[in-house]
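Chemist: Please read through the structure below; I'll follow up with questions.
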Amino acid sequence: MSAVLDIRAAGPADAEAIVALNRRVAAEAAQFLAYDIDPVTGADMLKAKLAAGPGGDRVLVAAAEGALVGMLLLRRHLHPAYQGVLQLGLAVDPDRRRQGIGRRLVRTAIASARTAGVRRLQLAVVADNRPALDLFHREGFSIEGRLIEAAEIDGRRIDVLAMGLRLETLPPPPPAL
């Protein structure tokens, strides 16, 4: 990757670009499962969420050369039994895959979650999305279950894998130099 990659928390001004990125990813990859981002009302909903400040959902974005090339949604569960658990959703621009953007976003999310006292990250991946499965396995996530025919994409029912990462099982990060 030749361009400098800036990973940062998204703000309300990023909402339109996030929705556009999700449209590009969904159009290119039938196995993409977007969370909470409706193509019609998504930008307005995201602007409200991102303006709400701490305590709500968090979105990390990756920008290169002035363009948004990746995003990672960290969604909090509302029920108190799931306090300390975040649901993760990842999208990388189809033209920018295999450049480490997803890996950087996931690693930033893990570090941020650990600092915030989050105990667990979890996500859903379409069972035949090998690149996503490989990425999450490399970053320490495990498959914890299979939801049979849980999604219907392009008229085809497909299995979805539940993946999770217990953060308290990770070794502490190395000291800063």
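Chain labels run A, B, ... following the order of the structure tokens; each chain numbers its residues from 1, and ligands are numbered from 1 in the order shown.
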So which residues of region 118-169 of chain A fall under strand (DSSP E) by DSSP, listed as a short mmCIF file (atom, residue, chain, number, x, y, z; two decimals) with N, CA and C atoms, in the first residue's frame?

Modeler:
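Wrote states.cif, looks like this:
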data_model
loop_
_atom_site.label_atom_id
_atom_site.label_comp_id
_atom_site.auth_asym_id
_atom_site.auth_seq_id
_atom_site.Cartn_x
_atom_site.Cartn_y
_atom_site.Cartn_z
N ARG A 120 -15.55 -8.56 25.33
CA ARG A 120 -15.77 -9.48 24.22
C ARG A 120 -16.15 -8.72 22.95
N LEU A 121 -15.60 -9.17 21.82
CA LEU A 121 -16.01 -8.71 20.50
C LEU A 121 -16.64 -9.90 19.79
N GLN A 122 -17.69 -9.65 19.01
CA GLN A 122 -18.31 -10.74 18.26
C GLN A 122 -18.81 -10.22 16.93
N LEU A 123 -18.99 -11.13 16.00
CA LEU A 123 -19.43 -10.76 14.66
C LEU A 123 -20.05 -11.95 13.97
N ALA A 124 -20.70 -11.67 12.85
CA ALA A 124 -21.28 -12.71 12.00
C ALA A 124 -20.62 -12.63 10.64
N VAL A 125 -20.26 -13.80 10.09
CA VAL A 125 -19.61 -13.87 8.78
C VAL A 125 -20.32 -14.93 7.95
N VAL A 126 -20.64 -14.60 6.71
CA VAL A 126 -21.21 -15.60 5.82
C VAL A 126 -20.20 -16.75 5.70
N SER A 142 -12.53 -16.82 17.07
CA SER A 142 -12.86 -18.23 16.89
C SER A 142 -14.29 -18.37 16.41
N ILE A 143 -14.54 -19.41 15.63
CA ILE A 143 -15.92 -19.73 15.24
C ILE A 143 -16.58 -20.36 16.45
N GLU A 144 -17.74 -19.81 16.83
CA GLU A 144 -18.44 -20.29 18.01
C GLU A 144 -19.78 -20.94 17.69
N GLY A 145 -20.19 -20.84 16.45
CA GLY A 145 -21.46 -21.46 16.09
C GLY A 145 -21.80 -21.22 14.63
N ARG A 146 -22.74 -22.01 14.15
CA ARG A 146 -23.20 -21.91 12.77
C ARG A 146 -24.71 -21.73 12.81
N LEU A 147 -25.17 -20.68 12.13
CA LEU A 147 -26.60 -20.41 12.00
C LEU A 147 -27.02 -20.89 10.61
N ILE A 148 -27.74 -21.99 10.58
CA ILE A 148 -28.09 -22.65 9.33
C ILE A 148 -29.09 -21.80 8.54
N GLU A 149 -28.74 -21.50 7.29
CA GLU A 149 -29.57 -20.73 6.37
C GLU A 149 -30.10 -19.44 7.00
N ALA A 150 -29.26 -18.78 7.78
CA ALA A 150 -29.68 -17.57 8.51
C ALA A 150 -29.80 -16.35 7.62
N ALA A 151 -29.13 -16.34 6.49
CA ALA A 151 -29.19 -15.19 5.59
C ALA A 151 -29.68 -15.65 4.22
N GLU A 152 -30.35 -14.74 3.54
CA GLU A 152 -30.74 -15.00 2.16
C GLU A 152 -30.16 -13.89 1.31
N ILE A 153 -29.26 -14.25 0.43
CA ILE A 153 -28.58 -13.28 -0.42
C ILE A 153 -28.69 -13.76 -1.85
N ARG A 156 -30.47 -17.02 -2.45
CA ARG A 156 -29.83 -18.25 -1.96
C ARG A 156 -29.70 -18.18 -0.45
N ARG A 157 -30.18 -19.19 0.24
CA ARG A 157 -30.06 -19.25 1.70
C ARG A 157 -28.68 -19.79 2.05
N ILE A 158 -28.03 -19.09 2.94
CA ILE A 158 -26.65 -19.45 3.29
C ILE A 158 -26.46 -19.43 4.80
N ASP A 159 -25.50 -20.21 5.24
CA ASP A 159 -25.16 -20.26 6.66
C ASP A 159 -24.34 -19.05 7.05
N VAL A 160 -24.49 -18.66 8.29
CA VAL A 160 -23.73 -17.56 8.87
C VAL A 160 -22.98 -18.12 10.08
N LEU A 161 -21.71 -17.76 10.18
CA LEU A 161 -20.90 -18.22 11.31
C LEU A 161 -20.81 -17.12 12.36
N ALA A 162 -21.03 -17.50 13.60
CA ALA A 162 -20.85 -16.59 14.73
C ALA A 162 -19.40 -16.71 15.18
N MET A 163 -18.71 -15.58 15.28
CA MET A 163 -17.31 -15.57 15.70
C MET A 163 -17.17 -14.66 16.90
N GLY A 164 -16.23 -14.98 17.76
CA GLY A 164 -16.03 -14.16 18.95
C GLY A 164 -14.58 -14.11 19.37
N LEU A 165 -14.28 -13.10 20.16
CA LEU A 165 -12.95 -12.91 20.73
C LEU A 165 -13.13 -12.44 22.16
N ARG A 166 -12.70 -13.25 23.12
CA ARG A 166 -12.72 -12.87 24.53
C ARG A 166 -11.45 -12.08 24.81
#

Chemist: Write out as a PyMOL selection string which residues come within 12 Å of Ile101 (chain A) when counting only C-alpha atoms, dropping same-chain ones fewer than 3 positions away.

Modeler: chain A and resi 1+3-7+60-64+68-72+90-98+104-108+135

Chemist: Residues as selected, C-alpha atoms, written as a short mmCIF file (atom, residue, chain, number, x, y, z; two decimals), in the first residue's frame, can you do that?

Modeler:
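Output below, filename selection_35.cif:
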data_model
loop_
_atom_site.label_atom_id
_atom_site.label_comp_id
_atom_site.auth_asym_id
_atom_site.auth_seq_id
_atom_site.Cartn_x
_atom_site.Cartn_y
_atom_site.Cartn_z
CA MET A 1 0.00 0.00 0.00
CA ALA A 3 -0.72 5.79 0.41
CA VAL A 4 -0.62 6.74 4.07
CA LEU A 5 -3.56 5.18 5.88
CA ASP A 6 -5.28 7.26 8.55
CA ILE A 7 -7.41 5.28 11.02
CA LEU A 60 -13.69 3.62 12.94
CA VAL A 61 -12.79 4.71 9.44
CA ALA A 62 -9.70 4.24 7.31
CA ALA A 63 -8.91 7.07 4.92
CA ALA A 64 -6.24 7.25 2.22
CA LEU A 68 -12.73 6.65 2.89
CA VAL A 69 -11.45 3.14 2.06
CA GLY A 70 -12.64 1.13 5.06
CA MET A 71 -14.89 1.21 8.09
CA LEU A 72 -15.48 -0.85 11.19
CA LEU A 90 -16.21 -4.51 8.80
CA ALA A 91 -16.17 -3.15 5.24
CA VAL A 92 -13.19 -2.44 2.97
CA ASP A 93 -13.44 -0.83 -0.46
CA PRO A 94 -13.34 -3.62 -3.08
CA ASP A 95 -10.53 -1.83 -4.95
CA ARG A 96 -8.39 -1.61 -1.80
CA ARG A 97 -8.56 -5.17 -0.45
CA ARG A 98 -5.45 -7.21 0.38
CA ARG A 104 -5.40 -2.38 10.72
CA LEU A 105 -9.05 -1.59 11.46
CA VAL A 106 -9.54 -4.83 13.41
CA ARG A 107 -6.34 -4.36 15.39
CA THR A 108 -7.27 -0.75 16.21
CA LEU A 135 -8.62 -12.31 8.62
#

Chemist: So, counting only C-alpha atoms, which residue among A:His137, A:Arg76, A:Arg103, A:Arg24 is closest to Arg119 (chain A)?

Modeler: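 With only C-alpha atoms as the atom set, the closest residue is A:Arg76.
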
Chemist: Go ahead and compute the interatomic distance for CA of Thr115 (chain A) and CA of Arg58 (chain A), in Å to one decimal.

Modeler: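 If I compute the distance from CA of Thr115 (chain A) to CA of Arg58 (chain A), I get 14.0 Å.
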
Chemist: What is the distance, in Å and to one decimal place, between CA of Gly140 (chain A) and CA of Leu167 (chain A)?

Modeler: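 Spanning CA of Gly140 (chain A) to CA of Leu167 (chain A) is a straight-line distance of 9.5 Å.
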
Chemist: Name the closest residue to Asp14 (chain A) among the candidates A:His79, A:Gly155, A:Phe141, A:Ala67; distances are taken between atoms, counting only C-alpha atoms.

Modeler: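 With only C-alpha atoms as the atom set, the closest residue is A:Ala67.
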
Chemist: So how many Å separate CA of Ile18 (chain A) and CA of Val59 (chain A), to one decimal?

Modeler: 9.4 Å

Chemist: I'd like to know which residues of region 47-125 of chain A are helix (DSSP H, G or I) (by DSSP, run on the backbone); could you write them as a ChimeraX atom specification?

Modeler: /A:47-51,80-82,94-96,101-115
